[in-house]
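Text of protein.txt (compact mmCIF, C-alpha atoms) as supplied:
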```txt
# COMPACT_ATOMS: atom_id res chain seq x y z
CA MET A 30 13.04 -21.19 -39.42
CA THR A 31 11.39 -18.75 -41.83
CA PRO A 32 13.45 -16.08 -43.62
CA TRP A 33 11.74 -13.34 -41.61
CA LEU A 34 12.66 -14.99 -38.29
CA ARG A 35 16.26 -15.53 -39.48
CA ARG A 36 16.42 -11.85 -40.41
CA GLN A 37 15.11 -10.75 -37.02
CA ARG A 38 17.53 -13.06 -35.25
CA ALA A 39 20.44 -11.63 -37.24
CA LEU A 40 19.31 -8.09 -36.42
CA ALA A 41 19.03 -8.95 -32.73
CA ASP A 42 22.52 -10.50 -32.74
CA TYR A 43 24.00 -7.42 -34.37
CA THR A 44 22.12 -5.13 -31.96
CA LEU A 45 23.53 -6.99 -28.95
CA SER A 46 27.04 -6.63 -30.39
CA ALA A 47 26.46 -2.90 -30.96
CA LEU A 48 25.22 -2.46 -27.39
CA GLY A 49 28.32 -4.25 -26.13
CA ARG A 50 30.58 -1.81 -27.96
CA ARG A 51 28.98 1.08 -26.03
CA LYS A 52 28.81 -0.78 -22.74
CA GLY A 53 29.37 2.12 -20.34
CA LYS A 54 26.78 4.38 -21.95
CA ASN A 55 24.14 1.66 -22.18
CA ILE A 56 24.64 0.46 -18.61
CA SER A 57 24.14 3.98 -17.27
CA LEU A 58 21.10 4.31 -19.54
CA VAL A 59 19.54 1.11 -18.18
CA VAL A 60 20.31 2.08 -14.58
CA ILE A 61 18.59 5.48 -14.89
CA TYR A 62 15.65 3.97 -16.75
CA ALA A 63 15.29 1.13 -14.20
CA LEU A 64 15.40 3.57 -11.26
CA ILE A 65 12.48 5.52 -12.71
CA VAL A 66 10.47 2.33 -13.21
CA PHE A 67 11.45 1.11 -9.74
CA LEU A 68 10.21 4.28 -8.04
CA VAL A 69 6.85 4.40 -9.81
CA ALA A 70 6.27 0.62 -9.59
CA SER A 71 7.10 0.55 -5.86
CA ILE A 72 4.54 3.26 -5.13
CA MET A 73 1.88 1.48 -7.21
CA MET A 74 2.53 -1.97 -5.70
CA PHE A 75 2.71 -0.77 -2.10
CA SER A 76 -0.41 1.39 -2.33
CA SER A 77 -2.52 -1.35 -3.89
CA GLY A 78 -1.14 -3.88 -1.39
CA MET A 79 -2.11 -1.66 1.55
CA ARG A 80 -5.64 -1.26 0.18
CA ARG A 81 -6.00 -5.04 -0.21
CA GLU A 82 -4.78 -5.61 3.35
CA ALA A 83 -7.28 -3.05 4.69
CA ASP A 84 -10.15 -4.71 2.81
CA LEU A 85 -9.15 -8.16 4.13
CA VAL A 86 -8.87 -7.00 7.74
CA LEU A 87 -12.09 -4.96 7.66
CA SER A 88 -14.05 -7.86 6.18
CA GLU A 89 -14.45 -9.10 9.77
CA ALA A 90 -15.69 -5.76 11.10
CA PRO A 91 -19.33 -5.42 12.30
CA GLU A 92 -21.89 -4.60 9.62
CA LEU A 93 -23.01 -1.57 11.65
CA ILE A 94 -21.61 0.48 14.53
CA VAL A 95 -23.85 2.84 16.51
CA GLN A 96 -22.36 5.82 18.35
CA GLN A 97 -24.11 8.33 20.59
CA LEU A 98 -23.51 12.00 19.79
CA THR A 99 -23.78 15.08 21.98
CA LEU A 100 -22.90 18.51 20.55
CA GLY A 101 -21.63 16.69 17.49
CA ARG A 102 -19.09 14.64 19.48
CA HIS A 103 -18.93 10.96 20.33
CA GLU A 104 -19.96 10.17 23.92
CA LEU A 105 -20.73 7.11 26.07
CA ILE A 106 -23.93 5.23 25.30
CA ALA A 107 -26.35 3.75 27.85
CA GLY A 108 -26.61 -0.03 28.06
CA GLY A 109 -30.39 0.10 27.62
CA GLU A 110 -29.96 1.11 23.99
CA VAL A 111 -28.49 -2.32 23.21
CA GLU A 112 -31.83 -4.07 23.81
CA LYS A 113 -33.65 -1.52 21.63
CA LEU A 114 -31.37 -2.21 18.69
CA ALA A 115 -31.43 -5.97 19.21
CA ALA A 116 -35.25 -5.89 18.96
CA ILE A 117 -35.22 -4.50 15.40
CA ARG A 118 -36.22 -7.12 12.85
CA GLY A 119 -33.24 -8.22 10.74
CA VAL A 120 -30.71 -7.64 13.51
CA THR A 121 -29.12 -10.90 14.61
CA ALA A 122 -27.18 -9.44 17.54
CA ALA A 123 -26.36 -6.13 19.21
CA LYS A 124 -23.54 -5.80 21.71
CA GLY A 125 -22.09 -2.90 23.66
CA ARG A 126 -18.39 -2.34 23.05
CA LEU A 127 -15.78 -0.88 25.36
CA TRP A 128 -12.72 0.80 23.91
CA GLY A 129 -10.66 3.90 24.58
CA TYR A 130 -7.21 5.45 24.28
CA TYR A 131 -4.29 5.50 26.67
CA TYR A 132 -1.23 7.73 26.25
CA ASP A 133 1.99 6.05 27.34
CA ARG A 134 4.41 8.73 28.53
CA LEU A 135 7.33 6.30 28.45
CA ASN A 136 7.44 6.07 24.67
CA GLY A 137 5.03 8.83 23.60
CA ALA A 138 2.62 6.36 22.00
CA ASN A 139 -1.14 6.07 22.11
CA TYR A 140 -2.61 2.62 22.77
CA THR A 141 -6.11 1.54 21.84
CA VAL A 142 -7.43 -0.28 24.90
CA MET A 143 -10.39 -2.56 24.21
CA VAL A 144 -12.50 -5.36 25.67
CA PRO A 145 -12.43 -8.21 23.11
CA ASP A 146 -15.64 -9.07 21.24
CA ASP A 147 -14.43 -12.53 20.22
CA PRO A 148 -15.75 -15.13 22.71
CA THR A 149 -12.81 -17.42 21.91
CA ILE A 150 -10.40 -14.92 23.50
CA LYS A 151 -10.15 -15.90 27.17
CA LEU A 152 -8.71 -13.40 29.60
CA GLU A 153 -8.61 -13.32 33.36
CA GLN A 154 -8.54 -10.19 35.47
CA GLY A 155 -5.10 -8.57 35.38
CA GLN A 156 -4.17 -10.15 32.04
CA ALA A 157 -3.68 -8.46 28.67
CA ILE A 158 -3.18 -9.36 25.01
CA LEU A 159 -1.13 -6.83 23.04
CA GLY A 160 -0.77 -5.83 19.41
CA GLU A 161 2.64 -6.62 17.99
CA ALA A 162 3.98 -3.05 18.19
CA ILE A 163 3.47 -2.50 21.94
CA PRO A 164 5.84 -5.19 23.27
CA ARG A 165 8.29 -4.21 20.54
CA SER A 166 8.33 -0.60 21.75
CA ARG A 167 8.36 -1.55 25.45
CA GLY A 168 10.98 -4.28 25.12
CA LEU A 169 8.68 -7.09 26.37
CA SER A 170 10.24 -10.17 24.83
CA TRP A 171 8.68 -13.05 26.74
CA GLU A 172 5.19 -14.36 27.42
CA GLY A 173 3.89 -13.43 30.85
CA ALA A 174 6.02 -10.28 31.08
CA PRO A 175 4.45 -7.56 33.23
CA LEU A 176 3.25 -4.34 31.61
CA PHE A 177 3.06 -1.36 33.94
CA LEU A 178 0.88 1.61 33.00
CA SER A 179 0.59 4.91 34.84
CA ARG A 180 -2.56 7.01 34.47
CA PHE A 181 -1.35 9.90 36.63
CA GLU A 182 1.50 10.83 38.94
CA GLY A 183 2.01 8.17 41.61
CA ASP A 184 -0.30 5.64 39.91
CA LEU A 185 0.86 2.25 38.60
CA VAL A 186 -1.32 -0.53 37.17
CA LYS A 187 0.14 -3.94 36.32
CA PHE A 188 -1.03 -6.27 33.53
CA ASP A 189 0.40 -9.68 32.75
CA VAL A 190 0.94 -10.08 28.99
CA VAL A 191 -0.34 -13.54 28.04
CA ASP A 192 -0.25 -13.27 24.24
CA THR A 193 0.37 -10.98 21.25
CA LEU A 194 -1.89 -10.51 18.26
CA SER A 195 -1.00 -11.90 14.85
CA HIS A 196 1.05 -9.86 12.39
CA ASP A 197 -1.68 -10.58 9.82
CA SER A 198 -3.94 -7.97 11.43
CA ALA A 199 -1.16 -5.53 12.36
CA LEU A 200 -2.54 -2.84 10.04
CA VAL A 201 -5.37 -2.19 12.52
CA SER A 202 -4.15 -3.93 15.69
CA ALA A 203 -0.50 -2.87 16.08
CA ASP A 204 -1.33 -0.53 18.99
CA LEU A 205 -4.21 -2.60 20.41
CA MET A 206 -4.39 -3.75 24.04
CA LEU A 207 -7.11 -6.25 25.05
CA ILE A 208 -8.18 -6.54 28.69
CA THR A 209 -11.22 -7.80 30.61
CA GLU A 210 -14.35 -5.69 31.03
CA GLN A 211 -13.81 -5.27 34.77
CA ASP A 212 -10.20 -4.19 34.25
CA PHE A 213 -11.34 -1.73 31.59
CA ARG A 214 -13.99 -0.13 33.81
CA ASP A 215 -11.57 0.06 36.74
CA PHE A 216 -8.73 1.45 34.63
CA PHE A 217 -10.83 4.25 33.09
CA GLY A 218 -13.18 4.75 36.06
CA LEU A 219 -16.24 3.84 33.98
CA ALA A 220 -19.77 3.30 35.29
CA PRO A 221 -21.10 -0.29 35.09
CA ASP A 222 -23.89 0.21 32.52
CA VAL A 223 -22.36 2.41 29.82
CA TYR A 224 -20.48 1.52 26.63
CA THR A 225 -18.30 3.28 24.10
CA ASP A 226 -20.54 2.23 21.20
CA ILE A 227 -22.69 -0.67 20.00
CA SER A 228 -21.81 -3.21 17.32
CA VAL A 229 -24.77 -4.56 15.36
CA SER A 230 -24.74 -7.78 13.34
CA ILE A 231 -27.21 -7.88 10.44
CA ARG A 232 -28.52 -11.01 8.77
CA ASN A 233 -28.74 -9.58 5.24
CA GLU A 234 -26.35 -6.77 4.27
CA ARG A 235 -28.82 -5.53 1.66
CA GLU A 236 -31.12 -4.55 4.52
CA ILE A 237 -28.58 -2.26 6.23
CA ALA A 238 -30.22 0.93 4.93
CA THR A 239 -33.66 -0.25 6.10
CA ILE A 240 -32.36 -1.19 9.55
CA ILE A 241 -30.59 2.16 9.90
CA ALA A 242 -33.85 3.93 9.06
CA LYS A 243 -35.62 1.97 11.82
CA ALA A 244 -32.76 2.53 14.30
CA GLU A 245 -32.83 6.28 13.69
CA LYS A 246 -36.38 6.37 15.06
CA VAL A 247 -35.21 4.55 18.20
CA MET A 248 -32.00 6.59 18.60
CA PRO A 249 -32.45 9.92 16.78
CA LYS A 250 -29.22 11.43 18.15
CA ALA A 251 -27.00 8.50 17.18
CA ARG A 252 -24.51 8.17 14.34
CA PHE A 253 -24.59 4.97 12.27
CA VAL A 254 -21.32 3.80 10.71
CA THR A 255 -21.36 0.87 8.28
CA ARG A 256 -18.50 -1.44 7.36
CA ALA A 257 -18.43 0.19 3.92
CA ASP A 258 -18.03 3.62 5.58
CA ILE A 259 -15.00 2.39 7.52
CA SER A 260 -13.47 0.88 4.38
CA ARG A 261 -13.97 4.14 2.46
CA THR A 262 -12.31 6.06 5.29
CA TYR A 263 -9.24 3.82 5.10
CA GLN A 264 -9.12 4.13 1.32
CA LYS A 265 -9.30 7.95 1.52
CA LEU A 266 -6.58 7.93 4.18
CA PHE A 267 -4.31 5.91 1.89
CA ASP A 268 -5.19 8.19 -1.05
CA TRP A 269 -4.17 11.25 0.97
CA ARG A 270 -0.89 9.75 2.09
CA GLU A 271 -0.23 8.37 -1.38
CA GLY A 272 -0.55 11.92 -2.70
CA LEU A 273 2.72 12.76 -0.96
CA LEU A 274 4.43 10.02 -2.92
CA VAL A 275 2.70 10.92 -6.17
CA THR A 276 4.84 14.06 -6.25
CA LEU A 277 7.89 11.79 -6.41
CA ALA A 278 6.26 9.76 -9.17
CA ILE A 279 5.48 12.93 -11.14
CA ALA A 280 9.09 14.05 -10.76
CA ALA A 281 10.23 10.64 -12.00
CA ILE A 282 7.88 10.76 -14.99
CA LEU A 283 9.05 14.29 -15.85
CA ALA A 284 12.63 13.09 -15.67
CA PHE A 285 11.70 10.24 -17.98
CA GLY A 286 10.03 12.70 -20.38
CA ILE A 287 13.22 14.79 -20.52
CA PHE A 288 15.18 11.58 -20.95
CA ALA A 289 13.01 10.44 -23.91
CA ALA A 290 13.07 13.91 -25.47
CA GLU A 291 16.87 13.92 -25.34
CA LYS A 292 16.85 10.55 -27.06
CA ALA A 293 14.59 11.91 -29.81
CA SER A 294 16.74 15.00 -30.36
CA GLY A 295 19.40 13.15 -32.32
CA LEU A 296 22.01 10.41 -32.49
CA SER A 297 25.62 10.64 -31.42
CA ALA A 298 28.35 11.08 -34.04
CA GLU A 299 29.44 7.46 -33.54
CA GLU A 300 25.91 6.12 -34.05
CA THR A 301 25.39 8.33 -37.13
CA ARG A 302 28.66 7.12 -38.69
CA GLU A 303 27.71 3.49 -37.94
CA ILE A 304 24.39 3.90 -39.78
CA GLY A 305 26.16 5.51 -42.74
CA ILE A 306 28.56 2.54 -42.97
CA LEU A 307 25.67 0.06 -42.81
CA LYS A 308 23.88 1.91 -45.59
CA ALA A 309 27.06 1.96 -47.68
CA ILE A 310 27.55 -1.83 -47.44
CA GLY A 311 24.01 -2.58 -48.57
CA TRP A 312 21.63 -2.28 -45.62
CA ASP A 313 18.33 -0.74 -46.63
CA THR A 314 16.41 1.84 -44.60
CA GLY A 315 14.04 -0.79 -43.18
CA ASP A 316 16.96 -2.87 -41.85
CA VAL A 317 18.51 0.14 -40.12
CA ILE A 318 15.23 1.19 -38.51
CA ALA A 319 14.52 -2.41 -37.44
CA MET A 320 17.99 -2.69 -35.89
CA LYS A 321 17.53 0.53 -33.89
CA LEU A 322 14.05 -0.53 -32.81
CA TRP A 323 15.59 -3.75 -31.53
CA GLU A 324 18.13 -1.67 -29.64
CA GLY A 325 15.44 0.54 -28.08
CA ALA A 326 13.28 -2.46 -27.22
CA LEU A 327 16.14 -4.39 -25.60
CA VAL A 328 17.18 -1.40 -23.49
CA SER A 329 13.67 -0.33 -22.46
CA VAL A 330 12.23 -3.80 -21.82
CA GLY A 331 15.36 -4.85 -19.95
CA ALA A 332 15.24 -1.72 -17.80
CA PHE A 333 11.49 -2.14 -17.22
CA LEU A 334 11.87 -5.75 -16.09
CA THR A 335 14.81 -4.83 -13.86
CA GLY A 336 12.90 -1.96 -12.24
CA ALA A 337 9.67 -3.97 -11.85
CA VAL A 338 11.44 -6.98 -10.27
CA ALA A 339 13.40 -4.69 -7.94
CA ALA A 340 10.14 -2.97 -6.94
CA TYR A 341 8.52 -6.36 -6.22
CA VAL A 342 11.45 -7.41 -4.03
CA HIS A 343 11.48 -4.03 -2.28
CA VAL A 344 7.74 -4.02 -1.51
CA PHE A 345 6.85 -7.64 -0.84
CA LEU A 346 10.14 -9.10 0.39
CA GLY A 347 11.92 -6.05 1.80
CA GLY A 348 8.98 -4.44 3.58
CA ALA A 349 8.98 -1.33 1.36
CA GLY A 350 11.44 0.49 3.61
CA LEU A 351 11.46 3.61 1.40
CA PHE A 352 7.69 4.23 1.57
CA ALA A 353 6.30 2.30 4.54
CA PRO A 354 6.66 5.11 7.13
CA VAL A 355 4.68 7.47 4.89
CA LEU A 356 1.80 5.18 3.90
CA LYS A 357 1.51 3.36 7.23
CA GLY A 358 1.33 6.64 9.16
CA TRP A 359 3.35 8.86 11.45
CA SER A 360 2.47 7.13 14.71
CA VAL A 361 5.14 6.21 17.23
CA LEU A 362 4.02 2.59 16.86
CA TYR A 363 4.44 1.47 13.26
CA PRO A 364 2.60 -1.73 12.29
CA ASP A 365 5.00 -4.48 11.31
CA PHE A 366 3.45 -6.83 8.76
CA ALA A 367 4.24 -8.33 5.38
CA LEU A 368 2.03 -7.52 2.41
CA THR A 369 0.58 -10.46 0.54
CA PRO A 370 2.52 -10.78 -2.74
CA GLN A 371 0.16 -10.01 -5.59
CA ILE A 372 0.68 -8.53 -9.05
CA ASP A 373 -1.82 -6.08 -10.51
CA VAL A 374 -1.54 -6.85 -14.23
CA LEU A 375 -3.45 -3.71 -15.22
CA GLN A 376 -1.12 -1.46 -13.25
CA LEU A 377 2.01 -3.08 -14.67
CA THR A 378 0.59 -2.93 -18.21
CA THR A 379 -0.16 0.77 -17.77
CA LEU A 380 3.34 1.42 -16.46
CA PHE A 381 4.79 -0.55 -19.39
CA LEU A 382 2.82 1.49 -21.92
CA VAL A 383 3.80 4.78 -20.23
CA THR A 384 7.52 4.02 -20.04
CA VAL A 385 8.51 1.54 -22.77
CA LEU A 386 6.46 2.65 -25.78
CA PRO A 387 7.40 6.38 -25.59
CA TYR A 388 11.08 5.52 -25.37
CA VAL A 389 10.96 3.12 -28.33
CA ALA A 390 8.92 5.62 -30.35
CA ALA A 391 11.40 8.39 -29.50
CA THR A 392 14.15 6.46 -31.29
CA LEU A 393 12.30 6.52 -34.63
CA VAL A 394 12.59 10.26 -35.38
CA PRO A 395 16.41 10.66 -35.43
CA ILE A 396 16.92 7.22 -36.98
CA TRP A 397 14.55 8.00 -39.85
CA ARG A 398 16.36 11.26 -40.59
CA VAL A 399 19.75 9.56 -40.71
CA ALA A 400 18.69 6.30 -42.39
CA THR A 401 16.99 8.07 -45.31
CA GLY A 402 20.01 10.30 -46.03
CA ASP A 403 22.83 9.74 -48.47
CA PRO A 404 25.42 7.32 -46.94
CA ASP A 405 28.36 9.47 -48.00
CA GLN A 406 26.91 12.59 -46.41
CA VAL A 407 25.93 10.67 -43.29
CA MET A 408 29.48 9.33 -42.82
CA ARG A 409 30.95 12.79 -43.33
```

Exercise: express the given structure as structure tokens:
Amino acid sequence: MTPWLRRQRALADYTLSALGRRKGKNISLVVIYALIVFLVASIMMFSSGMRREADLVLSEAPELIVQQLTLGRHELIAGGEVEKLAAIRGVTAAKGRLWGYYYDRLNGANYTVMVPDDPTIKLEQGQAILGEAIPRSRGLSWEGAPLFLSRFEGDLVKFDVVDTLSHDSALVSADLMLITEQDFRDFFGLAPDVYTDISVSIRNEREIATIIAKAEKVMPKARFVTRADISRTYQKLFDWREGLLVTLAIAAILAFGIFAAEKASGLSAEETREIGILKAIGWDTGDVIAMKLWEGALVSVGAFLTGAVAAYVHVFLGGAGLFAPVLKGWSVLYPDFALTPQIDVLQLTTLFLVTVLPYVAATLVPIWRVATGDPDQVMR
């Protein structure tokens, strides 16, 4: 071991002993520091995790959705428009979709009722597949349980629940109810040749703008929504909700700033006397500064790691109970899903630089003033 490494090891050993002598103060210091890191890191991890989940789920969405507009509002679209869109070169398929909303007065929740697009989903008349939140809110705990819905006073429609959708897609399917086309038209009293909108599959995504330009000539009153548009809408929604939590993060950072400023304002009488004694027995200024830098680094890095690990456990293993209701939404039916554990190195590095370096740097000012003074005056 080189002399420099032996010196650093000796300084680290002495620093640990010094921290142990002020155990109560240092534990409270680490706890406060770790709580600040925990709060900011939890917000960062949960927000980025939600965005990743949205991107993964929306990767299976249609390349283009066409909606008919009247007076600026979405209305039903005639089935004949499907053939017009399917005839455009570059379009591999066009299909009319049926979906709508149902308000359940029993629990005050809105369900999204839809006819499934996936041909592998087999449903018979009178059957339904539910998103994970609906049976949870209705107390349906077994396969084949009946679901009764009332559209108006004295009305009652029964559906047999044959399956529930995976938790993996709960971000967008928690309140989803899939039924057959005939059941959908009967339930909402819909004519046989109209659709809610049209989903369009495109062979080459780089041709989306060209196909939209052609489709606008066929359907001049329609609105064309791309997969990228939907993804941007979700991202903006998360940004808006995250803004509510940013206020907490700002408060935490301000608290940390006050905390670091207090640290830079001076040393306690006990710490000042300790430095004077070290200077008197032969420690030079560099040794004293190095020892205090070790102390600041051990406290700040330890608190950062504690807060970051606690944030990881809270977000990815504990379901982010502190922030989930805000970022997932204020609906009656909250989606219940686990975020995929993933660490954003850039975010953690930024948080490390914002929290650890200022604290360590704040220790230099008072230490330099004391360490460069006369030992006798310092001890007095």

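CA of Pro91 in chain A is found 19.4 Å from CA of Val223 in chain A.
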
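As for CA of Tyr224 in chain A and CA of Lys124 in chain A, they are spaced 9.3 Å apart.
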
**Study point:** Between CA of Asp146 in chain A and CA of Leu178 in chain A - distance in Å to one decimal
**Key:**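 Between CA of Leu178 in chain A and CA of Asp146 in chain A the gap is 22.9 Å.
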
Check your understanding: Near Leu169 in chain A, counting all atoms listed in the file, which residues have an atom at most 12 Å away, once you skip same-chain residues fewer than 4 positions from it, shown as number ranges by chain?
Key -> A: 159-165, 173-177, 189-193

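For the choices A:Glu110, A:Glu236, A:Asp42, A:Asp147, the atom-to-atom distance to Ala90 in chain A is smallest for A:Asp147 when using only C-alpha atoms.
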
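For the point (-6.9, 8.6, 28.6), the residues with an atom at a distance of at most 10 Å are Gly129, Tyr130, Tyr131, Tyr132, Asp133, Asn139, Tyr140, Thr141, Val142, Arg180, Phe181, Phe216 and Phe217 of chain A, counting only C-alpha atoms.
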
Box for range 176-190 of chain A - axis-aligned, 6 Å on each of the six sides, all listed atoms - centre and size in Å to one decimal, as lines of an AutoDock Vina configuration file.
```
center_x = 0.3
center_y = 0.4
center_z = 35.3
size_x = 17.8
size_y = 32.9
size_z = 24.6
```

Check your understanding: Near Thr121 in chain A, counting all atoms listed in the file, which residues have an atom at most 10 Å away, once you skip same-chain residues fewer than 4 positions from it, shown as a PyMOL selection string?
Key -> chain A and resi 114-117+229-233

Review point. At a cut-off of 6 Å from (-20.3, 2.7, 16.2) in the coordinates of the file, what residues are picked up using only C-alpha atoms, written as a list in words?
Key: Ile94, Val95, Gln96, Asp226, Ile227 and Val254 of chain A

Point to revise | Contacts of Ile241 in chain A within 8 Å, all atoms listed in the file, excl. fewer than 4 positions in-chain, as number ranges by chain | key: A: 237, 245, 253

Name all residues at most 12 Å from Pro221 in chain A (count only C-alpha atoms; drop same-chain ones fewer than 4 positions away) and give them as a CSV table (one decimal) with C-alpha atoms, in the coordinates of the input.
```
chain,number,residue,atom,x,y,z
A,105,LEU,CA,-20.7,7.1,26.1
A,106,ILE,CA,-23.9,5.2,25.3
A,107,ALA,CA,-26.4,3.8,27.8
A,108,GLY,CA,-26.6,0.0,28.1
A,109,GLY,CA,-30.4,0.1,27.6
A,125,GLY,CA,-22.1,-2.9,23.7
A,127,LEU,CA,-15.8,-0.9,25.4
A,210,GLU,CA,-14.4,-5.7,31.0
A,211,GLN,CA,-13.8,-5.3,34.8
A,212,ASP,CA,-10.2,-4.2,34.2
A,213,PHE,CA,-11.3,-1.7,31.6
A,214,ARG,CA,-14.0,-0.1,33.8
A,215,ASP,CA,-11.6,0.1,36.7
A,217,PHE,CA,-10.8,4.2,33.1
A,225,THR,CA,-18.3,3.3,24.1
```

Exercise for review: Kindly indicate which residue among A:Tyr341, A:Glu112, A:Ser329, A:Ser71 lies nearest to Val383 in chain A, using only C-alpha atoms for the distances.
Suggested key: A:Ser329

Point to revise | Within 8 Å of range 66-70 of chain A using all atoms listed in the file, minus same-chain residues under 2 positions, as a ChimeraX atom specification | key: /A:62-64,72-74,278,281,332-333,335-337,339-340,377,380,384

Store the residues picked out above, limited to C-alpha atoms, as an mmCIF file, in the coordinates of the input.
```cif
data_model
loop_
_atom_site.group_PDB
_atom_site.id
_atom_site.type_symbol
_atom_site.label_atom_id
_atom_site.label_comp_id
_atom_site.auth_asym_id
_atom_site.auth_seq_id
_atom_site.Cartn_x
_atom_site.Cartn_y
_atom_site.Cartn_z
ATOM 1 C CA TYR A 62 15.650 3.970 -16.750
ATOM 2 C CA ALA A 63 15.290 1.130 -14.200
ATOM 3 C CA LEU A 64 15.400 3.570 -11.260
ATOM 4 C CA ILE A 72 4.540 3.260 -5.130
ATOM 5 C CA MET A 73 1.880 1.480 -7.210
ATOM 6 C CA MET A 74 2.530 -1.970 -5.700
ATOM 7 C CA ALA A 278 6.260 9.760 -9.170
ATOM 8 C CA ALA A 281 10.230 10.640 -12.000
ATOM 9 C CA ALA A 332 15.240 -1.720 -17.800
ATOM 10 C CA PHE A 333 11.490 -2.140 -17.220
ATOM 11 C CA THR A 335 14.810 -4.830 -13.860
ATOM 12 C CA GLY A 336 12.900 -1.960 -12.240
ATOM 13 C CA ALA A 337 9.670 -3.970 -11.850
ATOM 14 C CA ALA A 339 13.400 -4.690 -7.940
ATOM 15 C CA ALA A 340 10.140 -2.970 -6.940
ATOM 16 C CA LEU A 377 2.010 -3.080 -14.670
ATOM 17 C CA LEU A 380 3.340 1.420 -16.460
ATOM 18 C CA THR A 384 7.520 4.020 -20.040
#
```

Practice item. Give the answer as one residue: which of A:Ser228, A:Ser88, A:Ser260, A:Ser76 has the shortest atom-to-atom distance to Ala122 in chain A, using all atoms listed in the file? Key: A:Ser228
